[in-house]
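See below for input35.pdb, which holds PDB, C-alpha atoms.
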```pdb
ATOM      1  CA  MET A1337      57.483  15.998  72.735
ATOM      2  CA  PHE A1338      56.553  17.603  76.046
ATOM      3  CA  GLY A1339      56.962  14.234  77.719
ATOM      4  CA  TRP A1340      57.628  16.121  80.950
ATOM      5  CA  PHE A1341      53.862  16.316  81.414
ATOM      6  CA  LYS A1342      53.642  12.538  81.743
ATOM      7  CA  ALA A1343      56.869  12.363  83.725
ATOM      8  CA  LYS A1344      55.589  14.946  86.170
ATOM      9  CA  LYS A1345      52.288  13.133  86.507
ATOM     10  CA  ASN A1346      54.003   9.843  87.278
ATOM     11  CA  LYS A1347      56.333  11.601  89.703
ATOM     12  CA  ASP A1348      53.351  13.087  91.528
ATOM     13  CA  LYS A1349      51.731   9.663  91.750
ATOM     14  CA  ASP A1350      54.923   8.171  93.165
ATOM     15  CA  LYS A1351      55.086  10.893  95.800
ATOM     16  CA  ASP A1352      51.503  10.189  96.773
ATOM     17  CA  LYS A1353      52.252   6.493  97.213
ATOM     18  CA  ASP A1354      55.477   7.019  99.152
ATOM     19  CA  LYS A1355      54.481   9.918 101.386
ATOM     20  CA  GLY A1356      50.717  10.194 101.231
ATOM     21  CA  ASP A1357      51.320  13.958 100.996
ATOM     22  CA  TRP A1358      48.350  15.916  99.692
ATOM     23  CA  ARG A1359      50.697  18.781  98.738
ATOM     24  CA  SER A1360      52.089  16.680  95.888
ATOM     25  CA  SER A1361      48.631  15.858  94.509
ATOM     26  CA  ASN A1362      47.093  18.245  91.990
ATOM     27  CA  ALA A1363      43.684  16.732  92.701
ATOM     28  CA  HIS A1364      43.913  17.569  96.415
ATOM     29  CA  LEU A1365      45.197  21.069  95.706
ATOM     30  CA  LEU A1366      42.386  21.636  93.218
ATOM     31  CA  LEU A1367      39.884  20.460  95.812
ATOM     32  CA  LEU A1368      41.381  22.887  98.327
ATOM     33  CA  SER A1369      40.963  25.736  95.837
ATOM     34  CA  LYS A1370      37.216  25.089  95.709
ATOM     35  CA  PHE A1371      36.984  26.375  99.278
ATOM     36  CA  ARG A1372      38.462  29.820  98.716
ATOM     37  CA  GLN A1373      34.884  30.952  99.211
ATOM     38  CA  PRO A1374      32.478  29.360 101.721
ATOM     39  CA  GLU A1375      31.338  26.016 100.323
ATOM     40  CA  GLY A1376      29.051  23.293 101.587
ATOM     41  CA  ALA A1377      31.152  20.417 102.911
ATOM     42  CA  ASP A1378      28.945  17.781 101.301
ATOM     43  CA  ARG A1379      29.130  19.188  97.763
ATOM     44  CA  PHE A1380      31.905  16.798  96.731
ATOM     45  CA  GLN A1381      31.171  13.885  99.065
ATOM     46  CA  ASN A1382      29.285  11.621  96.666
ATOM     47  CA  ASP A1383      30.998  12.632  93.429
ATOM     48  CA  PRO A1384      32.660   9.557  91.872
ATOM     49  CA  ASN A1385      34.754  11.749  89.571
ATOM     50  CA  TRP A1386      36.375  13.463  92.524
ATOM     51  CA  ALA A1387      36.890  10.135  94.280
ATOM     52  CA  ALA A1388      38.633   8.734  91.200
ATOM     53  CA  ALA A1389      40.832  11.818  90.828
ATOM     54  CA  LEU A1390      41.775  11.912  94.498
ATOM     55  CA  GLY A1391      42.369   8.195  94.850
ATOM     56  CA  GLU A1392      40.268   8.290  98.014
ATOM     57  CA  SER A1393      36.880   9.544  99.103
ATOM     58  CA  PRO A1394      36.408  13.333  99.076
ATOM     59  CA  ARG A1395      35.404  13.059 102.739
ATOM     60  CA  THR A1396      38.799  11.564 103.610
ATOM     61  CA  ALA A1397      40.620  14.189 101.555
ATOM     62  CA  ILE A1398      38.711  17.042 103.169
ATOM     63  CA  ARG A1399      39.407  15.608 106.592
ATOM     64  CA  ALA A1400      43.136  15.587 105.785
ATOM     65  CA  LEU A1401      43.015  19.189 104.610
ATOM     66  CA  ARG A1402      41.284  20.232 107.819
ATOM     67  CA  SER A1403      43.815  18.350 109.940
ATOM     68  CA  ALA A1404      46.608  20.131 108.078
ATOM     69  CA  GLY A1405      45.111  23.504 108.944
ATOM     70  CA  MET A1406      44.088  24.283 105.368
ATOM     71  CA  LEU A1407      40.326  24.374 105.998
ATOM     72  CA  ARG A1408      38.152  25.666 108.814
ATOM     73  CA  ALA A1409      34.484  25.582 109.696
ATOM     74  CA  CYS A1410      32.532  28.580 108.462
ATOM     75  CA  GLU A1411      31.179  31.273 110.737
ATOM     76  CA  LEU A1412      27.483  32.136 110.762
ATOM     77  CA  HIS A1413      27.560  34.785 108.031
ATOM     78  CA  GLU A1414      29.685  32.494 105.863
ATOM     79  CA  LEU A1415      27.144  29.713 106.274
ATOM     80  CA  LEU A1416      24.473  32.073 104.977
ATOM     81  CA  GLU A1417      26.700  32.979 102.041
ATOM     82  CA  ALA A1418      27.324  29.322 101.187
ATOM     83  CA  LYS A1419      23.776  28.052 101.618
ATOM     84  CA  PHE A1420      21.737  30.758  99.910
ATOM     85  CA  LYS A1421      21.747  32.372  96.474
ATOM     86  CA  GLY A1422      22.209  36.107  96.169
ATOM     87  CA  SER A1423      18.544  36.496  95.230
ATOM     88  CA  ASP A1424      17.553  34.646  98.420
ATOM     89  CA  LEU A1425      19.721  36.905 100.562
ATOM     90  CA  LYS A1426      18.210  39.987  98.951
ATOM     91  CA  ARG A1427      14.724  38.687  99.647
ATOM     92  CA  MET A1428      15.627  38.018 103.291
ATOM     93  CA  LEU A1429      17.205  41.463 103.653
ATOM     94  CA  LYS A1430      14.167  43.137 102.157
ATOM     95  CA  ALA A1431      11.866  41.242 104.512
ATOM     96  CA  ALA A1432      13.988  42.432 107.460
ATOM     97  CA  GLY A1433      13.887  46.020 106.240
ATOM     98  CA  LEU A1434      17.632  46.073 105.599
ATOM     99  CA  LYS A1435      19.683  47.457 102.745
ATOM    100  CA  VAL A1436      19.959  44.900  99.929
ATOM    101  CA  SER A1437      22.937  46.322  98.025
ATOM    102  CA  GLY A1438      26.522  45.104  98.222
ATOM    103  CA  ARG A1439      28.413  41.912  97.571
ATOM    104  CA  LYS A1440      26.995  38.572  98.612
ATOM    105  CA  SER A1441      29.406  38.328 101.561
ATOM    106  CA  GLU A1442      28.312  41.773 102.756
ATOM    107  CA  GLN A1443      24.656  40.855 102.468
ATOM    108  CA  ALA A1444      25.174  37.674 104.491
ATOM    109  CA  LEU A1445      27.101  39.532 107.199
ATOM    110  CA  ARG A1446      24.354  42.170 107.406
ATOM    111  CA  LEU A1447      21.738  39.481 107.985
ATOM    112  CA  ALA A1448      23.782  37.661 110.624
ATOM    113  CA  GLU A1449      24.540  40.837 112.554
ATOM    114  CA  ASN A1450      20.933  42.017 112.438
ATOM    115  CA  ASP A1451      19.312  38.799 113.707
ATOM    116  CA  GLU A1452      21.707  36.104 114.896
ATOM    117  CA  ALA A1453      18.965  33.791 116.125
ATOM    118  CA  GLY A1454      17.044  34.099 112.877
ATOM    119  CA  ALA A1455      20.205  33.498 110.862
ATOM    120  CA  ARG A1456      21.012  30.352 112.824
ATOM    121  CA  GLN A1457      17.499  29.078 112.270
ATOM    122  CA  ALA A1458      17.846  29.783 108.539
ATOM    123  CA  VAL A1459      21.068  27.784 108.163
ATOM    124  CA  GLY A1460      19.819  24.919 110.346
ATOM    125  CA  ASP A1461      22.274  22.020 110.378
ATOM    126  CA  PHE A1462      23.968  23.145 107.148
ATOM    127  CA  PHE A1463      27.744  22.813 107.426
ATOM    128  CA  ALA A1464      30.297  24.576 105.272
ATOM    129  CA  LEU A1465      34.047  25.002 105.104
ATOM    130  CA  ARG A1466      36.441  27.685 103.955
ATOM    131  CA  CYS A1467      40.181  27.987 103.444
ATOM    132  CA  THR A1468      42.200  29.260 106.354
ATOM    133  CA  SER A1469      44.642  32.088 105.559
ATOM    134  CA  GLU A1470      47.366  29.495 105.020
ATOM    135  CA  GLY A1471      45.091  27.300 102.947
ATOM    136  CA  GLU A1472      44.091  30.202 100.729
ATOM    137  CA  GLY A1473      47.755  31.013 100.141
ATOM    138  CA  VAL A1474      48.500  27.416  99.148
ATOM    139  CA  ALA A1475      45.461  27.314  96.846
ATOM    140  CA  GLU A1476      46.296  30.636  95.179
ATOM    141  CA  HIS A1477      49.886  29.529  94.593
ATOM    142  CA  PHE A1478      48.683  26.276  93.036
ATOM    143  CA  LEU A1479      46.259  28.078  90.709
ATOM    144  CA  ALA A1480      48.921  30.602  89.707
ATOM    145  CA  GLN A1481      51.325  27.783  88.850
ATOM    146  CA  GLN A1482      48.645  26.015  86.842
ATOM    147  CA  GLU A1483      47.919  29.208  84.920
ATOM    148  CA  LYS A1484      51.621  29.693  84.221
ATOM    149  CA  VAL A1485      51.910  26.165  82.853
ATOM    150  CA  ARG A1486      48.808  26.696  80.718
ATOM    151  CA  LYS A1487      50.210  29.888  79.200
ATOM    152  CA  ASN A1488      53.533  28.238  78.452
ATOM    153  CA  VAL A1489      51.796  25.319  76.774
ATOM    154  CA  GLU A1490      49.554  27.625  74.735
ATOM    155  CA  SER A1491      52.629  29.518  73.583
ATOM    156  CA  ALA A1492      54.304  26.272  72.518
ATOM    157  CA  VAL A1493      51.201  25.159  70.610
ATOM    158  CA  PHE A1494      50.956  28.570  68.933
ATOM    159  CA  ASP A1495      54.564  28.303  67.758
ATOM    160  CA  LYS A1496      53.987  24.815  66.370
ATOM    161  CA  LEU A1497      50.978  26.022  64.418
ATOM    162  CA  ARG A1498      52.983  28.903  62.979
ATOM    163  CA  GLU A1499      55.567  26.359  61.862
ATOM    164  CA  GLN A1500      52.731  24.228  60.426
ATOM    165  CA  ASP A1501      53.831  21.345  62.630
ATOM    166  CA  PHE A1502      50.280  20.188  63.239
ATOM    167  CA  LYS A1503      51.200  16.811  64.681
ATOM    168  CA  GLY A1504      53.527  18.506  67.133
ATOM    169  CA  ALA A1505      50.865  21.040  68.164
ATOM    170  CA  ALA A1506      48.286  18.285  68.667
ATOM    171  CA  ALA A1507      50.751  16.201  70.688
ATOM    172  CA  ILE A1508      51.389  19.071  73.101
ATOM    173  CA  VAL A1509      47.666  19.585  73.683
ATOM    174  CA  LYS A1510      47.162  15.854  74.097
ATOM    175  CA  ASP A1511      49.894  15.607  76.769
ATOM    176  CA  PHE A1512      48.575  18.669  78.566
ATOM    177  CA  GLU A1513      44.982  17.436  78.702
ATOM    178  CA  ALA A1514      46.074  13.948  79.784
ATOM    179  CA  ASP A1515      47.842  15.556  82.755
ATOM    180  CA  GLN A1516      44.804  17.468  84.013
ATOM    181  CA  VAL A1517      42.866  16.423  87.104
ATOM    182  CA  PHE A1518      39.678  16.681  85.049
ATOM    183  CA  SER A1519      40.406  16.517  81.336
ATOM    184  CA  ARG A1520      38.376  18.475  78.814
ATOM    185  CA  GLY A1521      35.632  16.664  76.918
ATOM    186  CA  MET A1522      33.168  13.941  77.824
ATOM    187  CA  GLY A1523      34.520  10.407  77.600
ATOM    188  CA  ILE A1524      37.835  11.359  75.984
ATOM    189  CA  ASP A1525      40.872   9.367  77.036
ATOM    190  CA  TRP A1526      43.535  11.898  76.134
ATOM    191  CA  SER A1527      46.338   9.441  76.786
ATOM    192  CA  LYS A1528      45.046   7.235  73.960
ATOM    193  CA  THR A1529      43.503   9.624  71.435
ATOM    194  CA  ALA A1530      45.430   9.941  68.174
ATOM    195  CA  MET A1531      44.133  13.474  67.405
ATOM    196  CA  THR A1532      43.674  12.301  63.799
ATOM    197  CA  LYS A1533      40.591  14.402  63.115
ATOM    198  CA  GLU A1534      42.117  17.544  64.594
ATOM    199  CA  ILE A1535      45.328  17.135  62.589
ATOM    200  CA  ARG A1536      43.340  16.548  59.393
ATOM    201  CA  GLU A1537      41.285  19.714  59.973
ATOM    202  CA  LEU A1538      44.378  21.767  60.800
ATOM    203  CA  GLU A1539      45.935  20.698  57.526
ATOM    204  CA  PHE A1540      42.724  21.626  55.701
ATOM    205  CA  ILE A1541      42.722  25.093  57.287
ATOM    206  CA  SER A1542      46.325  25.635  56.199
ATOM    207  CA  ARG A1543      45.633  24.801  52.543
ATOM    208  CA  ASN A1544      42.176  26.239  51.871
ATOM    209  CA  VAL A1545      40.254  29.491  52.086
ATOM    210  CA  PRO A1546      36.444  29.581  52.304
ATOM    211  CA  GLY A1547      34.654  31.930  49.936
ATOM    212  CA  ILE A1548      33.478  34.081  52.813
ATOM    213  CA  LEU A1549      37.143  35.034  53.438
ATOM    214  CA  SER A1550      38.264  35.254  49.815
ATOM    215  CA  GLY A1551      39.178  38.938  50.123
ATOM    216  CA  GLU A1552      41.711  38.478  52.921
ATOM    217  CA  GLY A1553      45.417  39.017  52.299
ATOM    218  CA  GLU A1554      48.045  36.366  52.985
ATOM    219  CA  GLU A1555      49.373  37.969  56.176
ATOM    220  CA  THR A1556      45.902  38.270  57.666
ATOM    221  CA  LEU A1557      45.064  34.734  56.591
ATOM    222  CA  ARG A1558      48.175  33.463  58.341
ATOM    223  CA  ASP A1559      47.065  35.103  61.597
ATOM    224  CA  LEU A1560      43.506  33.824  61.152
ATOM    225  CA  ARG A1561      44.696  30.303  60.436
ATOM    226  CA  THR A1562      46.831  30.201  63.573
ATOM    227  CA  ALA A1563      43.970  31.549  65.682
ATOM    228  CA  ALA A1564      41.520  29.072  64.143
ATOM    229  CA  GLY A1565      43.938  26.249  64.904
ATOM    230  CA  MET A1566      44.185  27.353  68.531
ATOM    231  CA  MET A1567      40.396  27.414  68.806
ATOM    232  CA  LEU A1568      40.151  23.971  67.269
ATOM    233  CA  LEU A1569      42.785  22.377  69.506
ATOM    234  CA  TRP A1570      41.665  24.046  72.736
ATOM    235  CA  GLY A1571      37.933  23.634  72.140
ATOM    236  CA  THR A1572      37.069  27.326  72.419
ATOM    237  CA  ASN A1573      34.785  29.550  70.382
ATOM    238  CA  THR A1574      36.913  32.690  70.543
ATOM    239  CA  ALA A1575      40.485  33.497  69.537
ATOM    240  CA  LYS A1576      40.877  37.070  70.775
ATOM    241  CA  THR A1577      43.876  36.328  72.994
ATOM    242  CA  TRP A1578      45.855  34.847  70.081
ATOM    243  CA  PHE A1579      45.662  37.720  67.605
ATOM    244  CA  PRO A1580      48.440  40.256  67.038
ATOM    245  CA  ASP A1581      47.613  43.824  68.016
ATOM    246  CA  GLY A1582      45.831  45.836  65.359
ATOM    247  CA  ILE A1583      44.726  42.954  63.144
ATOM    248  CA  ASN A1584      42.219  44.080  60.524
ATOM    249  CA  THR A1585      40.068  42.046  58.174
ATOM    250  CA  ALA A1586      39.001  43.031  54.669
ATOM    251  CA  GLY A1587      35.365  41.946  54.924
ATOM    252  CA  HIS A1588      32.460  42.669  57.264
ATOM    253  CA  LEU A1589      33.606  40.130  59.857
ATOM    254  CA  ASP A1590      35.869  40.998  62.758
ATOM    255  CA  ALA A1591      38.995  38.882  63.261
ATOM    256  CA  ASP A1592      37.400  36.644  65.891
ATOM    257  CA  SER A1593      34.425  35.811  63.662
ATOM    258  CA  ALA A1594      36.679  35.342  60.631
ATOM    259  CA  ALA A1595      38.874  32.825  62.482
ATOM    260  CA  ARG A1596      35.743  31.017  63.596
ATOM    261  CA  MET A1597      34.622  30.784  59.950
ATOM    262  CA  LEU A1598      37.912  29.066  59.112
ATOM    263  CA  MET A1599      37.407  26.574  61.917
ATOM    264  CA  PHE A1600      33.790  25.961  60.865
ATOM    265  CA  TYR A1601      34.914  25.540  57.254
ATOM    266  CA  ALA A1602      37.299  22.739  58.154
ATOM    267  CA  PHE A1603      34.698  21.099  60.378
ATOM    268  CA  HIS A1604      31.990  21.201  57.703
ATOM    269  CA  MET A1605      34.260  19.849  54.970
ATOM    270  CA  ASP A1606      35.329  17.036  57.279
ATOM    271  CA  GLU A1607      31.672  16.415  58.063
ATOM    272  CA  LEU A1608      30.840  16.028  54.354
ATOM    273  CA  ARG A1609      33.712  13.574  54.087
ATOM    274  CA  ASP A1610      32.245  11.485  56.918
ATOM    275  CA  LEU A1611      28.708  11.650  55.495
ATOM    276  CA  LYS A1612      29.957  10.392  52.146
ATOM    277  CA  ALA A1613      31.738   7.499  53.854
ATOM    278  CA  LEU A1614      28.469   6.606  55.605
ATOM    279  CA  GLY A1615      26.608   6.373  52.307
ATOM    280  CA  VAL A1616      24.683   9.618  52.593
ATOM    281  CA  LYS A1617      23.471  10.800  49.188
ATOM    282  CA  SER A1618      21.952  14.170  50.065
ATOM    283  CA  VAL A1619      22.042  16.749  52.825
ATOM    284  CA  GLN A1620      20.022  19.708  53.996
ATOM    285  CA  ILE A1621      21.406  23.084  54.926
ATOM    286  CA  MET A1622      19.930  24.046  58.262
ATOM    287  CA  GLY A1623      19.995  27.549  59.740
ATOM    288  CA  VAL A1624      19.892  28.622  63.364
ATOM    289  CA  ASN A1625      16.507  30.372  63.050
ATOM    290  CA  ASP A1626      17.222  32.890  65.791
ATOM    291  CA  GLY A1627      16.124  35.983  63.902
ATOM    292  CA  ASN A1628      19.667  37.055  63.090
ATOM    293  CA  GLN A1629      20.045  35.214  59.776
ATOM    294  CA  CYS A1630      20.972  37.175  56.687
ATOM    295  CA  GLU A1631      19.051  36.776  53.417
ATOM    296  CA  ALA A1632      21.583  34.315  51.985
ATOM    297  CA  CYS A1633      21.275  31.991  54.982
ATOM    298  CA  ARG A1634      17.480  32.244  55.064
ATOM    299  CA  ALA A1635      17.260  31.476  51.337
ATOM    300  CA  LEU A1636      19.007  28.114  51.750
ATOM    301  CA  ASP A1637      17.574  27.143  55.133
ATOM    302  CA  GLY A1638      16.000  23.677  54.829
ATOM    303  CA  LYS A1639      16.945  23.128  51.180
ATOM    304  CA  LYS A1640      18.287  19.730  50.066
ATOM    305  CA  PHE A1641      21.349  19.122  47.906
ATOM    306  CA  THR A1642      23.335  16.158  46.694
ATOM    307  CA  LEU A1643      26.827  15.882  48.085
ATOM    308  CA  LYS A1644      28.182  16.951  44.693
ATOM    309  CA  THR A1645      26.084  20.125  44.461
ATOM    310  CA  VAL A1646      25.818  21.242  48.092
ATOM    311  CA  PRO A1647      27.215  24.752  48.693
ATOM    312  CA  GLU A1648      30.200  25.060  50.985
ATOM    313  CA  LEU A1649      29.708  26.210  54.551
ATOM    314  CA  PRO A1650      30.131  28.850  55.785
ATOM    315  CA  LEU A1651      28.112  30.330  52.921
ATOM    316  CA  SER A1652      30.275  32.624  50.817
ATOM    317  CA  LYS A1653      27.465  35.174  50.426
ATOM    318  CA  CYS A1654      26.608  35.260  54.140
ATOM    319  CA  THR A1655      26.410  38.768  55.596
ATOM    320  CA  CYS A1656      25.484  37.790  59.146
ATOM    321  CA  GLU A1657      27.307  40.039  61.599
ATOM    322  CA  ILE A1658      29.055  37.160  63.378
ATOM    323  CA  GLY A1659      29.337  34.939  60.326
ATOM    324  CA  CYS A1660      27.453  31.966  58.928
ATOM    325  CA  ARG A1661      26.155  29.465  61.475
ATOM    326  CA  CYS A1662      24.404  27.137  59.048
ATOM    327  CA  HIS A1663      25.175  23.418  59.233
ATOM    328  CA  TYR A1664      24.647  20.254  57.234
ATOM    329  CA  GLN A1665      22.110  17.613  58.120
ATOM    330  CA  GLY A1666      22.389  14.302  56.315
ATOM    331  CA  LYS A1667      20.367  11.087  56.419
ATOM    332  CA  VAL A1668      21.967   7.705  55.978
ATOM    333  CA  VAL A1669      20.458   5.774  53.071
ATOM    334  CA  GLY A1670      19.235   2.264  53.873
TER     335      GLY A1670
END
```
Reformat the file's structure so that it appears as structure tokens.
Amino acid sequence: MFGWFKAKKNKDKDKDKDKGDWRSSNAHLLLLSKFRQPEGADRFQNDPNWAAALGESPRTAIRALRSAGMLRACELHELLEAKFKGSDLKRMLKAAGLKVSGRKSEQALRLAENDEAGARQAVGDFFALRCTSEGEGVAEHFLAQQEKVRKNVESAVFDKLREQDFKGAAAIVKDFEADQVFSRGMGIDWSKTAMTKEIRELEFISRNVPGILSGEGEETLRDLRTAAGMMLLWGTNTAKTWFPDGINTAGHLDADSAARMLMFYAFHMDELRDLKALGVKSVQIMGVNDGNQCEACRALDGKKFTLKTVPELPLSKCTCEIGCRCHYQGKVVG
């Protein structure tokens, strides 16, 4: 199942060992892409994550990219752009009696052209780099290829979810994330994770309907379930790109919010399962308290229930515009 991800990764590693060619290393190409705009050369120098991904110090990698003609030293106005925030540039322009409008690059150029000596004093010994024309072309090609792969993988996952092959969908995401220079999620080893929780929640979504979506028809539910599964597997909070054109929901929620309710439903039910396994006897329903709660959510905010009597979340009577955001809070007994 999509083993070509791992095969490609190993192939890239072999190329790196045999040739030492940065062009075959996704980590080096990703680093290059960070300099499509002026960027301080020391930003990545002491980052252990970059060092681990590159297999060498960022300083060594950057030096290789410069030697290959992919990076160049920034000019004065580019140094200003890299060193200062837009608000700082506007303040400096205003103090010099210059126009403050325009893009950040235009603001920096205006300052440098107006007072070169003052600009040089402002940047001091700050050093920054930027892609050469060739380097920018290489970086843009790399990013375009990465985006193409991502879209193809998303399409494959979508199809697996439609087929209700949840293990297959999870396996594709797992292989994809394991192949990334910087994988999604803190402390997750994607090459070893079994995706058990995700598969269990996908199966729950496919079999159940929360009360808040009880009025939806089967066709709409199928679209919502697929979108909710995509959100769950990809770790996003929106599903707009995965809906068919013209999807309509029966209730007050739009399709994006409705799919999110399905994802929340599976998460909350799985959470109750875990709390029960931990020996929790009762839970509280906690609201978000941001002033946008409906009456149903406010009425249950802070109330305690046993695991047998606790209402399902999302609350079926919720009328919040973007759906119920209440959650369970349990306390382990003993």
Against region 1357-1367 of chain A, which residues of region 1429-1522 of chain A fall within 9 Å? For each one I want the closest pair of atoms and the distance in Å (one decimal), counting all atoms listed in the file, rows by chain and increasing residue number, as JSON lines.
```
{"residue": "A:Val1474", "atom": "CA", "partner": "A:Leu1365", "partner_atom": "CA", "distance": 7.9}
{"residue": "A:Ala1475", "atom": "CA", "partner": "A:Leu1365", "partner_atom": "CA", "distance": 6.4}
{"residue": "A:Phe1478", "atom": "CA", "partner": "A:Leu1365", "partner_atom": "CA", "distance": 6.8}
{"residue": "A:Leu1479", "atom": "CA", "partner": "A:Leu1366", "partner_atom": "CA", "distance": 7.9}
{"residue": "A:Gln1516", "atom": "CA", "partner": "A:Asn1362", "partner_atom": "CA", "distance": 8.3}
{"residue": "A:Val1517", "atom": "CA", "partner": "A:Ala1363", "partner_atom": "CA", "distance": 5.7}
{"residue": "A:Phe1518", "atom": "CA", "partner": "A:Ala1363", "partner_atom": "CA", "distance": 8.6}
```
Quick one: write out the picked residues with C-alpha atoms as a PDB file, in the coordinates of the input?
```pdb
ATOM      1  CA  VAL A1474      48.500  27.416  99.148  1.00  0.00           C
ATOM      2  CA  ALA A1475      45.461  27.314  96.846  1.00  0.00           C
ATOM      3  CA  PHE A1478      48.683  26.276  93.036  1.00  0.00           C
ATOM      4  CA  LEU A1479      46.259  28.078  90.709  1.00  0.00           C
ATOM      5  CA  GLN A1516      44.804  17.468  84.013  1.00  0.00           C
ATOM      6  CA  VAL A1517      42.866  16.423  87.104  1.00  0.00           C
ATOM      7  CA  PHE A1518      39.678  16.681  85.049  1.00  0.00           C
TER       8      PHE A1518
END
```
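Across the chains present, the PyMOL selection byres ((chain A and resi 1379) around 12) applied to this file returns Leu1367, Lys1370, Phe1371, Pro1374, Glu1375, Gly1376, Ala1377, Asp1378, Phe1380, Gln1381, Asn1382, Asp1383, Pro1384, Trp1386, Pro1394, Arg1395, Ile1398, Ala1418, Lys1419, Phe1462, Phe1463, Ala1464 and Leu1465 of chain A.
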Problem - Which residue of A:Val1459, A:Glu1554, A:Ser1369, A:Ala1397 approaches Glu1472 (chain A) most closely, using all atoms listed in the file - result: A:Ser1369
Fill in the blank from the handout: Atom pair CA of Lys1576 (chain A) + CA of Ile1541 (chain A), distance 18.1 Å
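Going from CA of Gln1373 (chain A) over to CA of Ala1431 (chain A), you cover 25.8 Å.
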Problem - Nearest-residue call for Ala1492 (chain A), choices A:Leu1636, A:Met1566, A:Ala1409, A:Arg1446, using only C-alpha atoms - result: A:Met1566
Padding 5 Å on every side, please: axis-aligned box over the listed atoms of region 1393-1401 of chain A, centre and edge lengths to one decimal in Å, as lines of an AutoDock Vina configuration file.
```
center_x = 39.3
center_y = 14.4
center_z = 102.8
size_x = 17.7
size_y = 19.6
size_z = 17.5
```
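What the PyMOL selection byres ((chain A and resi 1600) around 9) picks from this file is Ala1564, Ala1595, Arg1596, Met1597, Leu1598, Met1599, Tyr1601, Ala1602, Phe1603, His1604, Met1605, Leu1649, Pro1650, Cys1660 and Arg1661 of chain A.
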Handout entry: Contacts of region 1609-1619 of chain A within 12 Å, only C-alpha atoms, excl. fewer than 4 positions in-chain, as a list in words
Key = Lys1533, Arg1536, Glu1537, Ala1602, Phe1603, His1604, Met1605, Leu1636, Asp1637, Gly1638, Lys1639, Lys1640, Phe1641, Thr1642, Leu1643, Lys1644, Thr1645, Val1646, Pro1647, Glu1648, His1663, Tyr1664, Gln1665, Gly1666, Lys1667, Val1668, Val1669 and Gly1670 of chain A
Exercise for the section: Pick out the residues sitting within 9 Å of Asn1628 (chain A), and hand them over as a list of chain:residue names; count only C-alpha atoms, and ignore anything fewer than 4 positions along from it in its own chain. Expected result: A:Val1624, A:Cys1656, A:Glu1657
Residues matched by the PyMOL selection byres ((chain A and resi 1591-1593) around 8) as a CSV table (one decimal) with C-alpha atoms, keeping the file's coordinate frame:
```csv
chain,number,residue,atom,x,y,z
A,1560,LEU,CA,43.5,33.8,61.2
A,1574,THR,CA,36.9,32.7,70.5
A,1575,ALA,CA,40.5,33.5,69.5
A,1576,LYS,CA,40.9,37.1,70.8
A,1583,ILE,CA,44.7,43.0,63.1
A,1584,ASN,CA,42.2,44.1,60.5
A,1585,THR,CA,40.1,42.0,58.2
A,1589,LEU,CA,33.6,40.1,59.9
A,1590,ASP,CA,35.9,41.0,62.8
A,1594,ALA,CA,36.7,35.3,60.6
A,1595,ALA,CA,38.9,32.8,62.5
A,1596,ARG,CA,35.7,31.0,63.6
A,1597,MET,CA,34.6,30.8,60.0
A,1658,ILE,CA,29.1,37.2,63.4
A,1659,GLY,CA,29.3,34.9,60.3
```
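Of the residues listed (A:Arg1408, A:Lys1430, A:Arg1561, A:Lys1510), A:Lys1510 shows the shortest atom-to-atom separation from Ser1527 (chain A); distances use only C-alpha atoms.
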Handout entry: 9 Å contact set for Ser1469 (chain A), all atoms listed in the file, chain neighbours under 4 positions out, as a PyMOL selection string
Key = chain A and resi 1406-1407+1473-1474
Fill in the blank from the handout: What separates CA of Glu1414 (chain A) and CA of His1477 (chain A) is a distance of 23.3 Å
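Compared by their closest atoms to Gln1620 (chain A), and using all atoms listed in the file, the residues A:Leu1390, A:Ala1632, A:Cys1467, A:Cys1662 rank with A:Cys1662 nearest.
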